[in-house]
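Enquirer: Below is input-v8.txt; it holds compact mmCIF, C-alpha atoms.
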# COMPACT_ATOMS: atom_id res chain seq x y z
CA MET Q 1 18.49 10.04 15.16
CA SER Q 2 15.22 11.66 16.19
CA THR Q 3 12.00 10.80 14.42
CA GLU Q 4 12.03 14.32 12.93
CA GLU Q 5 15.53 13.72 11.52
CA ASN Q 6 14.31 10.40 10.08
CA LYS Q 7 11.37 12.15 8.42
CA ALA Q 8 13.77 14.67 6.88
CA ILE Q 9 15.71 11.79 5.27
CA VAL Q 10 12.50 10.47 3.68
CA ARG Q 11 11.61 14.00 2.47
CA ARG Q 12 15.07 14.26 0.90
CA TYR Q 13 14.56 10.84 -0.74
CA ARG Q 14 11.29 12.09 -2.27
CA GLU Q 15 12.98 15.27 -3.49
CA ILE Q 16 15.72 13.23 -5.21
CA HIS Q 17 13.07 10.96 -6.71
CA ASN Q 18 10.92 13.84 -7.94
CA LYS Q 19 13.89 15.60 -9.53
CA SER Q 20 15.05 12.32 -11.13
CA GLN Q 21 18.49 12.83 -9.52
CA LEU Q 22 19.19 9.11 -9.36
CA ASP Q 23 22.95 9.67 -9.00
CA GLN Q 24 22.19 11.19 -5.58
CA LEU Q 25 20.16 8.23 -4.25
CA GLY Q 26 23.25 7.02 -2.36
CA GLU Q 27 22.94 10.09 -0.17
CA VAL Q 28 19.79 8.67 1.46
CA LEU Q 29 19.83 4.92 0.66
CA ALA Q 30 22.37 2.59 2.26
CA ALA Q 31 24.48 0.57 -0.20
CA ASP Q 32 23.13 -2.67 1.31
CA PHE Q 33 19.57 -1.30 1.43
CA VAL Q 34 16.94 -4.07 1.55
CA GLY Q 35 13.86 -3.46 -0.60
CA HIS Q 36 11.11 -5.91 0.36
CA SER Q 37 8.90 -4.79 -2.51
CA LEU Q 38 11.42 -4.85 -5.36
CA LEU Q 39 10.29 -6.55 -8.55
CA PRO Q 40 11.67 -10.03 -9.16
CA GLY Q 41 14.87 -10.00 -11.16
CA MET Q 42 16.13 -6.70 -9.76
CA PRO Q 43 19.51 -6.72 -8.03
CA ALA Q 44 19.58 -6.12 -4.28
CA GLY Q 45 20.68 -2.94 -2.59
CA LEU Q 46 21.13 0.56 -3.90
CA ASP Q 47 21.75 -0.64 -7.48
CA GLY Q 48 18.36 -2.38 -7.52
CA ALA Q 49 16.62 0.71 -6.18
CA ARG Q 50 18.28 2.84 -8.85
CA MET Q 51 17.19 0.37 -11.56
CA VAL Q 52 13.58 0.46 -10.34
CA HIS Q 53 13.57 4.25 -10.51
CA GLN Q 54 15.22 4.22 -13.96
CA ALA Q 55 12.66 1.71 -15.26
CA GLY Q 56 9.79 3.83 -13.94
CA LEU Q 57 11.17 7.01 -15.48
CA ALA Q 58 11.70 5.28 -18.84
CA GLY Q 59 7.94 4.74 -19.04
CA PHE Q 60 6.73 7.78 -17.09
CA PRO Q 61 9.36 10.55 -17.40
CA ASP Q 62 7.19 13.14 -15.60
CA ALA Q 63 6.39 10.94 -12.56
CA ARG Q 64 6.04 13.07 -9.43
CA ALA Q 65 5.06 11.87 -5.97
CA THR Q 66 3.33 13.98 -3.36
CA THR Q 67 3.70 13.04 0.30
CA GLU Q 68 0.17 13.07 1.75
CA ASP Q 69 1.00 11.80 5.24
CA LEU Q 70 4.30 11.35 7.05
CA LEU Q 71 4.54 9.76 10.49
CA ALA Q 72 7.43 8.30 12.41
CA GLU Q 73 8.06 6.15 15.45
CA GLY Q 74 11.38 4.75 16.61
CA ASP Q 75 13.50 3.97 13.56
CA LYS Q 76 10.55 3.76 11.12
CA VAL Q 77 8.92 6.38 8.93
CA VAL Q 78 5.60 5.82 7.13
CA GLU Q 79 4.67 7.80 4.03
CA ARG Q 80 1.29 7.81 2.32
CA TRP Q 81 1.80 9.21 -1.16
CA THR Q 82 0.11 9.83 -4.45
CA GLN Q 83 2.00 9.77 -7.71
CA THR Q 84 0.86 11.39 -10.94
CA MET Q 85 2.52 10.54 -14.22
CA THR Q 86 2.00 10.45 -17.98
CA HIS Q 87 2.87 7.37 -20.00
CA THR Q 88 4.95 9.03 -22.73
CA GLY Q 89 7.89 6.61 -22.58
CA VAL Q 90 8.57 2.95 -23.29
CA SER Q 91 5.95 0.20 -23.15
CA MET Q 92 4.91 -0.46 -19.53
CA PHE Q 93 2.50 -2.98 -17.94
CA GLY Q 94 1.45 -4.13 -21.42
CA ALA Q 95 0.50 -0.62 -22.59
CA PRO Q 96 2.09 0.37 -25.92
CA ALA Q 97 4.95 2.91 -25.81
CA GLY Q 98 3.85 6.54 -25.71
CA SER Q 99 0.19 5.83 -24.92
CA GLY Q 100 -0.09 9.32 -23.42
CA LYS Q 101 -2.37 7.98 -20.67
CA LYS Q 102 -2.38 9.96 -17.43
CA VAL Q 103 -2.14 7.88 -14.27
CA LYS Q 104 -2.70 8.74 -10.60
CA VAL Q 105 -1.81 6.09 -8.06
CA THR Q 106 -1.82 5.85 -4.25
CA GLY Q 107 0.81 4.08 -2.20
CA ILE Q 108 2.02 3.56 1.35
CA SER Q 109 5.72 3.03 2.11
CA ILE Q 110 7.55 2.16 5.32
CA TYR Q 111 11.22 3.11 5.64
CA ARG Q 112 13.60 1.93 8.36
CA ILE Q 113 16.43 4.35 9.06
CA ALA Q 114 19.83 3.51 10.55
CA THR Q 115 22.80 5.84 10.89
CA GLY Q 116 21.26 8.49 8.70
CA LYS Q 117 20.21 6.35 5.74
CA ILE Q 118 17.28 4.28 4.60
CA VAL Q 119 18.27 0.65 5.19
CA GLU Q 120 14.98 -1.14 4.65
CA HIS Q 121 11.83 -0.41 2.66
CA TRP Q 122 8.35 -1.96 2.38
CA SER Q 123 5.83 -0.55 -0.07
CA GLN Q 124 2.41 -1.18 -1.51
CA MET Q 125 0.90 0.73 -4.38
CA ASP Q 126 -2.38 0.31 -6.19
CA VAL Q 127 -1.04 -1.46 -9.30
CA VAL Q 128 -4.57 -2.42 -10.37
CA ALA Q 129 -5.41 1.30 -10.61
CA ILE Q 130 -2.36 1.82 -12.86
CA LEU Q 131 -3.42 -1.06 -15.14
CA GLN Q 132 -6.98 0.27 -15.29
CA GLN Q 133 -5.89 3.84 -16.07
CA LEU Q 134 -3.51 2.54 -18.77
CA GLY Q 135 -6.49 0.69 -20.27
CA VAL Q 136 -4.88 -2.77 -20.01
CA MET Q 137 -7.32 -4.02 -17.33
CA PRO Q 138 -11.08 -3.36 -17.27
CA ALA Q 139 -12.10 -0.49 -14.98
CA PRO Q 140 -14.52 -1.27 -12.12
CA GLY Q 141 -17.99 -1.79 -13.52
CA GLY Q 142 -16.51 -1.60 -17.03
CA MET O 1 -5.30 9.62 22.98
CA SER O 2 -1.67 8.53 23.01
CA PRO O 3 -0.11 6.70 20.03
CA GLU O 4 -0.11 3.52 22.15
CA GLU O 5 -3.85 3.88 22.83
CA ASN O 6 -4.41 4.47 19.12
CA LYS O 7 -2.47 1.29 18.29
CA ALA O 8 -4.68 -0.63 20.73
CA ILE O 9 -7.74 0.63 18.83
CA VAL O 10 -6.25 -0.68 15.57
CA CYS O 11 -5.54 -4.06 17.22
CA ARG O 12 -9.16 -4.27 18.43
CA TYR O 13 -10.34 -3.35 14.91
CA GLN O 14 -8.21 -6.11 13.38
CA GLU O 15 -9.35 -8.61 16.03
CA ALA O 16 -13.03 -7.81 15.33
CA TYR O 17 -12.34 -8.28 11.63
CA ASN O 18 -10.48 -11.57 12.03
CA THR O 19 -13.13 -13.05 14.34
CA ASN O 20 -16.03 -11.80 12.16
CA ASN O 21 -17.36 -9.92 15.17
CA LEU O 22 -18.80 -7.08 13.12
CA ASP O 23 -20.77 -5.72 16.09
CA ALA O 24 -17.45 -5.05 17.82
CA LEU O 25 -16.50 -2.75 14.95
CA ASP O 26 -19.08 -0.24 16.27
CA GLY O 27 -16.81 0.37 19.26
CA VAL O 28 -13.69 1.17 17.23
CA VAL O 29 -14.90 2.57 13.89
CA ALA O 30 -16.74 5.89 13.51
CA ALA O 31 -20.15 5.52 11.81
CA ASP O 32 -19.13 8.18 9.28
CA ILE O 33 -15.60 6.84 8.70
CA ALA O 34 -14.07 8.18 5.48
CA THR O 35 -12.70 5.42 3.23
CA PRO O 36 -10.97 7.05 0.23
CA THR O 37 -9.61 3.72 -1.08
CA MET O 38 -12.90 1.79 -0.74
CA LEU O 39 -13.96 -0.33 -3.70
CA PRO O 40 -16.62 1.33 -5.85
CA GLY O 41 -20.24 0.25 -5.35
CA PHE O 42 -20.24 0.15 -1.55
CA PRO O 43 -22.04 2.63 0.70
CA SER O 44 -19.91 5.14 2.59
CA GLY O 45 -19.08 4.85 6.26
CA LEU O 46 -19.08 1.92 8.64
CA GLU O 47 -21.97 0.26 6.81
CA GLY O 48 -19.83 -0.01 3.67
CA ILE O 49 -16.99 -1.58 5.66
CA LYS O 50 -19.39 -4.16 7.13
CA GLN O 51 -20.89 -4.96 3.71
CA LEU O 52 -17.44 -5.44 2.19
CA HIS O 53 -16.42 -7.67 5.08
CA ARG O 54 -19.56 -9.85 4.79
CA LEU O 55 -18.98 -10.27 1.06
CA THR O 56 -15.30 -11.10 1.62
CA VAL O 57 -15.92 -13.65 4.39
CA ASP O 58 -18.69 -15.31 2.36
CA ALA O 59 -16.26 -15.84 -0.54
CA TRP O 60 -13.04 -16.21 1.48
CA PRO O 61 -14.19 -17.87 4.78
CA ASP O 62 -10.68 -18.49 6.12
CA MET O 63 -9.38 -14.97 5.45
CA HIS O 64 -6.92 -13.76 8.06
CA VAL O 65 -5.12 -10.44 8.37
CA GLU O 66 -1.94 -10.60 10.46
CA ILE O 67 -0.41 -7.36 11.73
CA GLU O 68 3.35 -7.49 11.07
CA ASP O 69 4.22 -3.94 12.12
CA LEU O 70 2.42 -0.99 13.71
CA ILE O 71 3.78 2.56 13.58
CA ALA O 72 1.99 5.45 15.26
CA GLU O 73 2.45 9.18 15.69
CA GLY O 74 -0.07 11.85 16.63
CA ASP O 75 -3.53 10.78 15.49
CA ARG O 76 -2.23 8.35 12.81
CA VAL O 77 -1.47 4.63 12.91
CA ALA O 78 0.01 2.65 10.02
CA ALA O 79 -0.13 -1.14 9.80
CA ARG O 80 1.91 -3.48 7.64
CA VAL O 81 -0.10 -6.68 7.30
CA THR O 82 -0.15 -10.08 5.66
CA VAL O 83 -3.48 -11.12 4.14
CA SER O 84 -4.15 -14.81 3.54
CA ALA O 85 -7.19 -16.70 2.28
CA THR O 86 -8.43 -19.58 0.16
CA PRO O 87 -11.19 -18.26 -2.13
CA GLN O 88 -14.27 -20.55 -2.22
CA LYS O 89 -16.58 -18.36 -4.32
CA GLU O 90 -16.15 -15.70 -6.99
CA ALA O 91 -15.73 -12.20 -5.52
CA PHE O 92 -14.11 -9.00 -6.79
CA GLY O 93 -13.61 -10.70 -10.17
CA VAL O 94 -11.48 -13.39 -8.50
CA PRO O 95 -12.75 -16.96 -9.06
CA PRO O 96 -11.81 -19.82 -6.72
CA THR O 97 -8.99 -21.95 -8.13
CA GLY O 98 -8.46 -24.31 -5.19
CA LYS O 99 -5.31 -22.38 -4.32
CA SER O 100 -4.55 -20.14 -1.34
CA PHE O 101 -2.79 -16.80 -1.31
CA LYS O 102 -0.67 -14.90 1.19
CA VAL O 103 0.22 -11.32 0.23
CA GLY O 104 1.35 -8.08 1.80
CA GLY O 105 -0.80 -5.07 2.49
CA MET O 106 -0.63 -1.70 4.20
CA TYR O 107 -3.19 0.51 5.81
CA LEU O 108 -3.10 3.87 7.47
CA VAL O 109 -5.81 5.25 9.73
CA ARG O 110 -6.64 8.50 11.48
CA ILE O 111 -8.11 8.20 14.97
CA ALA O 112 -10.53 10.76 16.39
CA GLY O 113 -12.59 10.49 19.57
CA GLY O 114 -11.29 6.98 20.23
CA LYS O 115 -12.45 5.59 16.89
CA ILE O 116 -11.05 5.11 13.41
CA ALA O 117 -12.28 8.15 11.47
CA GLU O 118 -10.37 7.70 8.19
CA HIS O 119 -8.87 4.65 6.53
CA TRP O 120 -6.60 4.16 3.50
CA SER O 121 -5.72 0.63 2.46
CA ILE O 122 -3.68 -1.09 -0.27
CA GLU O 123 -3.17 -4.81 -0.77
CA ASP O 124 -1.02 -6.65 -3.29
CA ALA O 125 -3.95 -7.51 -5.59
CA ILE O 126 -1.59 -8.56 -8.38
CA GLY O 127 0.12 -10.97 -5.96
CA ILE O 128 -3.29 -12.50 -5.18
CA MET O 129 -4.00 -13.05 -8.89
CA GLN O 130 -0.51 -14.53 -9.44
CA GLN O 131 -0.65 -16.90 -6.47
CA LEU O 132 -4.10 -18.13 -7.49
CA GLY O 133 -2.72 -18.89 -10.94
CA LEU O 134 -4.88 -16.25 -12.64
CA MET O 135 -2.00 -14.08 -13.87
CA PRO O 136 1.57 -14.96 -14.87
CA ALA O 137 4.06 -14.52 -12.03
CA GLY O 138 6.89 -12.02 -12.28
CA GLY O 139 5.21 -10.20 -15.18
The structure in this file should be written as structure tokens.

Expert:
Amino acid sequence: MSTEENKAIVRRYREIHNKSQLDQLGEVLAADFVGHSLLPGMPAGLDGARMVHQAGLAGFPDARATTEDLLAEGDKVVERWTQTMTHTGVSMFGAPAGSGKKVKVTGISIYRIATGKIVEHWSQMDVVAILQQLGVMPAPGG
Amino acid sequence: MSPEENKAIVCRYQEAYNTNNLDALDGVVAADIATPTMLPGFPSGLEGIKQLHRLTVDAWPDMHVEIEDLIAEGDRVAARVTVSATPQKEAFGVPPTGKSFKVGGMYLVRIAGGKIAEHWSIEDAIGIMQQLGLMPAGG
């Protein structure tokens, strides 16, 4: 696969994520996908990834990510993204259900691609910013 | 600059950081570097980066950032890192607890004219709090 083909797989992953088409995740994630940033208690592989997305959507049904930067080298693709979402769903991060708080968060993800699918994933997102915007952690200077 | 040259700039940046050689940062970081993810309360540009580093090293003298992966294309370089330290003084709302932490982080930079011109960074701040015993783990 070329680096441009690998980037296209990550773009397709984002499209599936943004349209909440979780039944199509298997198109871009390998069944034995390894997520290095999965929350504890989540199953491994594609099922775990689907559960993470379902849990996120249960709290933030309108979550949409925008790819701000996309670069690739060898079998890796890096994405810098921002996600905007409104907390209209179930209780999340200690915030009561349906708080209505709007959240904008930045993250960076690395994807490793093999034979046309994402096989490995590392991610960091600014969880502190989420907690602060949900009002469950004091804001800087606050 | 080739992606390999840009990676070398990031390695020199990390080396200057890890050896507290802040003067060496002048050679690899643009004076007017843009830092969109910088903590509030710091000046913009290279001076803000140096101030943050001095504050961090004063509180976390053994801090070390290990590059685990470097990925480059065009004028961008991304780094996956491991950050470790044993806090000795309060900083960033984190008090010393006698414990050490080792967490993941990522940063992405844009290189222009042989220097880092833009820098986005995210560390696992929750992991730091959990490993220091300041926040319940797995919550």

Enquirer: Please identify all polymer residues within 7 Å of Q:Val136, counting only C-alpha atoms, omitting same-chain residues fewer than 3 positions from it, and present them as a VMD selection string.

Expert: chain Q and resid 94 to 95 131 to 132

Enquirer: At a cut-off of 8 Å, which residues of chain Q touch chain O? Count only C-alpha atoms and give the answer as a PyMOL selection string.

Expert: chain Q and resi 39-40+71-73+76-78+80+107-108+123-128+140

Enquirer: For Q:Ser20, work out the shell of residues within 12 Å, counting all atoms listed in the file and skipping chain neighbours fewer than 2 positions away, then give it as a list of chain:residue names.

Expert: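 The residues that qualify are Q:Tyr13, Q:Arg14, Q:Glu15, Q:Ile16, Q:His17, Q:Asn18, Q:Leu22, Q:Asp23, Q:Gln24, Q:Leu25, Q:Arg50, Q:Val52, Q:His53, Q:Gln54, Q:Ala55, Q:Gly56, Q:Leu57, Q:Ala58, Q:Phe60, Q:Pro61, Q:Asp62, Q:Ala63, Q:Arg64, Q:Ala65.
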
Enquirer: Can you work out the spacing between atom CA of O:Gln131 and atom CA of O:Ser84 in Å, to one decimal?

Expert: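 Computing it gives 10.8 Å between the two atoms.
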
Enquirer: Rounded to one decimal in Å, what is the spacing between atom CA of Q:Arg112 and atom CA of Q:Gly45?

Expert: 13.9 Å

Enquirer: Applying 9 Å and all atoms listed in the file, which residues near O:Asp26 remain after dropping the ones on its own chain fewer than 4 positions away? List them as a PyMOL selection string.

Expert: chain O and resi 22+30-31+46+115

Enquirer: Could you name the residues that touch O:Glu90 at 10 Å or less, counting only C-alpha atoms, but leaving out those on the same chain fewer than 6 positions away, as a ChimeraX atom specification?

Expert: /O:56,58-60,96-97

Enquirer: Could you work out how far atom CA of O:Met129 lies from atom CA of O:Cys11, giving the answer in Å with one decimal?

Expert: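 For atom CA of O:Cys11 relative to atom CA of O:Met129, the distance reads 27.7 Å.
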
Enquirer: Leaving out Q:Ala30 and any residue of its chain fewer than 3 positions from it, which residues lie within 8 Å of it when counting only C-alpha atoms, given as a PyMOL selection string?

Expert: chain Q and resi 26-27+33+45-46+117-119

Enquirer: Point out the residue among O:Glu66, O:Leu134, O:Leu52, O:Pro87 with the least atom-to-atom distance to O:Val103, counting only C-alpha atoms.

Expert: O:Glu66

Enquirer: Up to 10 Å from (-2.5, 10.4, -12.4) in the file's coordinates: name the residues, counting all atoms listed in the file, as a PyMOL selection string.

Expert: chain Q and resi 63-64+82-87+101-106+129-130+133

Enquirer: Go through Q:Ser91, Q:Ser99, Q:Ser37, Q:Asn6 one by one, measure the shortest atom-to-atom distance of each to Q:Trp122 using only C-alpha atoms, and give the residue with the smallest value.

Expert: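 Answer, going by the shortest atom-to-atom distance: Q:Ser37.
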
Enquirer: Restricting the calculation to all atoms listed in the file, which member of O:Asn6, O:Pro36, O:Met135, O:Lys50 is positioned closest to O:Ala24?

Expert: O:Lys50

Enquirer: The residues within 12 Å of (12.7, 14.4, 11.7), using all atoms listed in the file and the coordinates of the file, should be reported as a list in words; which are they?

Expert: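 I get Met1, Ser2, Thr3, Glu4, Glu5, Asn6, Lys7, Ala8, Ile9, Val10, Arg11, Arg12, Leu70, Leu71, Ala72, Glu73, Gly74, Asp75, Lys76, Val77, Ile113 and Gly116 of chain Q for the residues within 12 Å of that point.
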
Enquirer: Please write out, as lines of an AutoDock Vina configuration file, where the centre of an axis-aligned box around all listed atoms of stretch 8-15 of chain Q lies and how long its edges are, in Å to one decimal, after adding 4 Å on each side.

Expert:
center_x = 13.5
center_y = 12.9
center_z = 1.7
size_x = 12.4
size_y = 12.8
size_z = 18.4

Enquirer: Supply stretch 42-56 of chain O as a PDB file, in the coordinates of the input, with N, CA and C atoms built in where the input has gaps.

Expert:
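To be explicit, this is the file written out as result-v8.pdb:
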ATOM      1  N   PHE O  42     -19.870   0.375  -2.944  1.00  0.00           N
ATOM      2  CA  PHE O  42     -20.240   0.150  -1.550  1.00  0.00           C
ATOM      3  C   PHE O  42     -20.693   1.469  -0.932  1.00  0.00           C
ATOM      4  N   PRO O  43     -21.635   1.392   0.034  1.00  0.00           N
ATOM      5  CA  PRO O  43     -22.040   2.630   0.700  1.00  0.00           C
ATOM      6  C   PRO O  43     -20.877   3.220   1.478  1.00  0.00           C
ATOM      7  N   SER O  44     -20.961   4.499   1.815  1.00  0.00           N
ATOM      8  CA  SER O  44     -19.910   5.140   2.590  1.00  0.00           C
ATOM      9  C   SER O  44     -20.051   4.741   4.061  1.00  0.00           C
ATOM     10  N   GLY O  45     -19.012   5.030   4.813  1.00  0.00           N
ATOM     11  CA  GLY O  45     -19.080   4.850   6.260  1.00  0.00           C
ATOM     12  C   GLY O  45     -18.941   3.416   6.725  1.00  0.00           C
ATOM     13  N   LEU O  46     -19.228   3.229   8.005  1.00  0.00           N
ATOM     14  CA  LEU O  46     -19.080   1.920   8.640  1.00  0.00           C
ATOM     15  C   LEU O  46     -19.921   0.856   7.948  1.00  0.00           C
ATOM     16  N   GLU O  47     -21.106   1.237   7.464  1.00  0.00           N
ATOM     17  CA  GLU O  47     -21.970   0.260   6.810  1.00  0.00           C
ATOM     18  C   GLU O  47     -21.283  -0.339   5.589  1.00  0.00           C
ATOM     19  N   GLY O  48     -20.560   0.494   4.840  1.00  0.00           N
ATOM     20  CA  GLY O  48     -19.830  -0.010   3.670  1.00  0.00           C
ATOM     21  C   GLY O  48     -18.745  -0.991   4.065  1.00  0.00           C
ATOM     22  N   ILE O  49     -18.045  -0.678   5.156  1.00  0.00           N
ATOM     23  CA  ILE O  49     -16.990  -1.580   5.660  1.00  0.00           C
ATOM     24  C   ILE O  49     -17.589  -2.931   6.041  1.00  0.00           C
ATOM     25  N   LYS O  50     -18.747  -2.904   6.718  1.00  0.00           N
ATOM     26  CA  LYS O  50     -19.390  -4.160   7.130  1.00  0.00           C
ATOM     27  C   LYS O  50     -19.853  -4.958   5.907  1.00  0.00           C
ATOM     28  N   GLN O  51     -20.426  -4.260   4.921  1.00  0.00           N
ATOM     29  CA  GLN O  51     -20.890  -4.960   3.710  1.00  0.00           C
ATOM     30  C   GLN O  51     -19.730  -5.630   2.995  1.00  0.00           C
ATOM     31  N   LEU O  52     -18.623  -4.890   2.873  1.00  0.00           N
ATOM     32  CA  LEU O  52     -17.440  -5.440   2.190  1.00  0.00           C
ATOM     33  C   LEU O  52     -16.932  -6.659   2.945  1.00  0.00           C
ATOM     34  N   HIS O  53     -16.923  -6.556   4.282  1.00  0.00           N
ATOM     35  CA  HIS O  53     -16.420  -7.670   5.080  1.00  0.00           C
ATOM     36  C   HIS O  53     -17.310  -8.912   4.922  1.00  0.00           C
ATOM     37  N   ARG O  54     -18.642  -8.707   4.951  1.00  0.00           N
ATOM     38  CA  ARG O  54     -19.560  -9.850   4.790  1.00  0.00           C
ATOM     39  C   ARG O  54     -19.338 -10.538   3.447  1.00  0.00           C
ATOM     40  N   LEU O  55     -19.197  -9.727   2.400  1.00  0.00           N
ATOM     41  CA  LEU O  55     -18.980 -10.270   1.060  1.00  0.00           C
ATOM     42  C   LEU O  55     -17.660 -11.052   1.007  1.00  0.00           C
ATOM     43  N   THR O  56     -16.613 -10.468   1.644  1.00  0.00           N
ATOM     44  CA  THR O  56     -15.300 -11.100   1.620  1.00  0.00           C
ATOM     45  C   THR O  56     -15.324 -12.428   2.372  1.00  0.00           C
TER      46      THR O  56
END
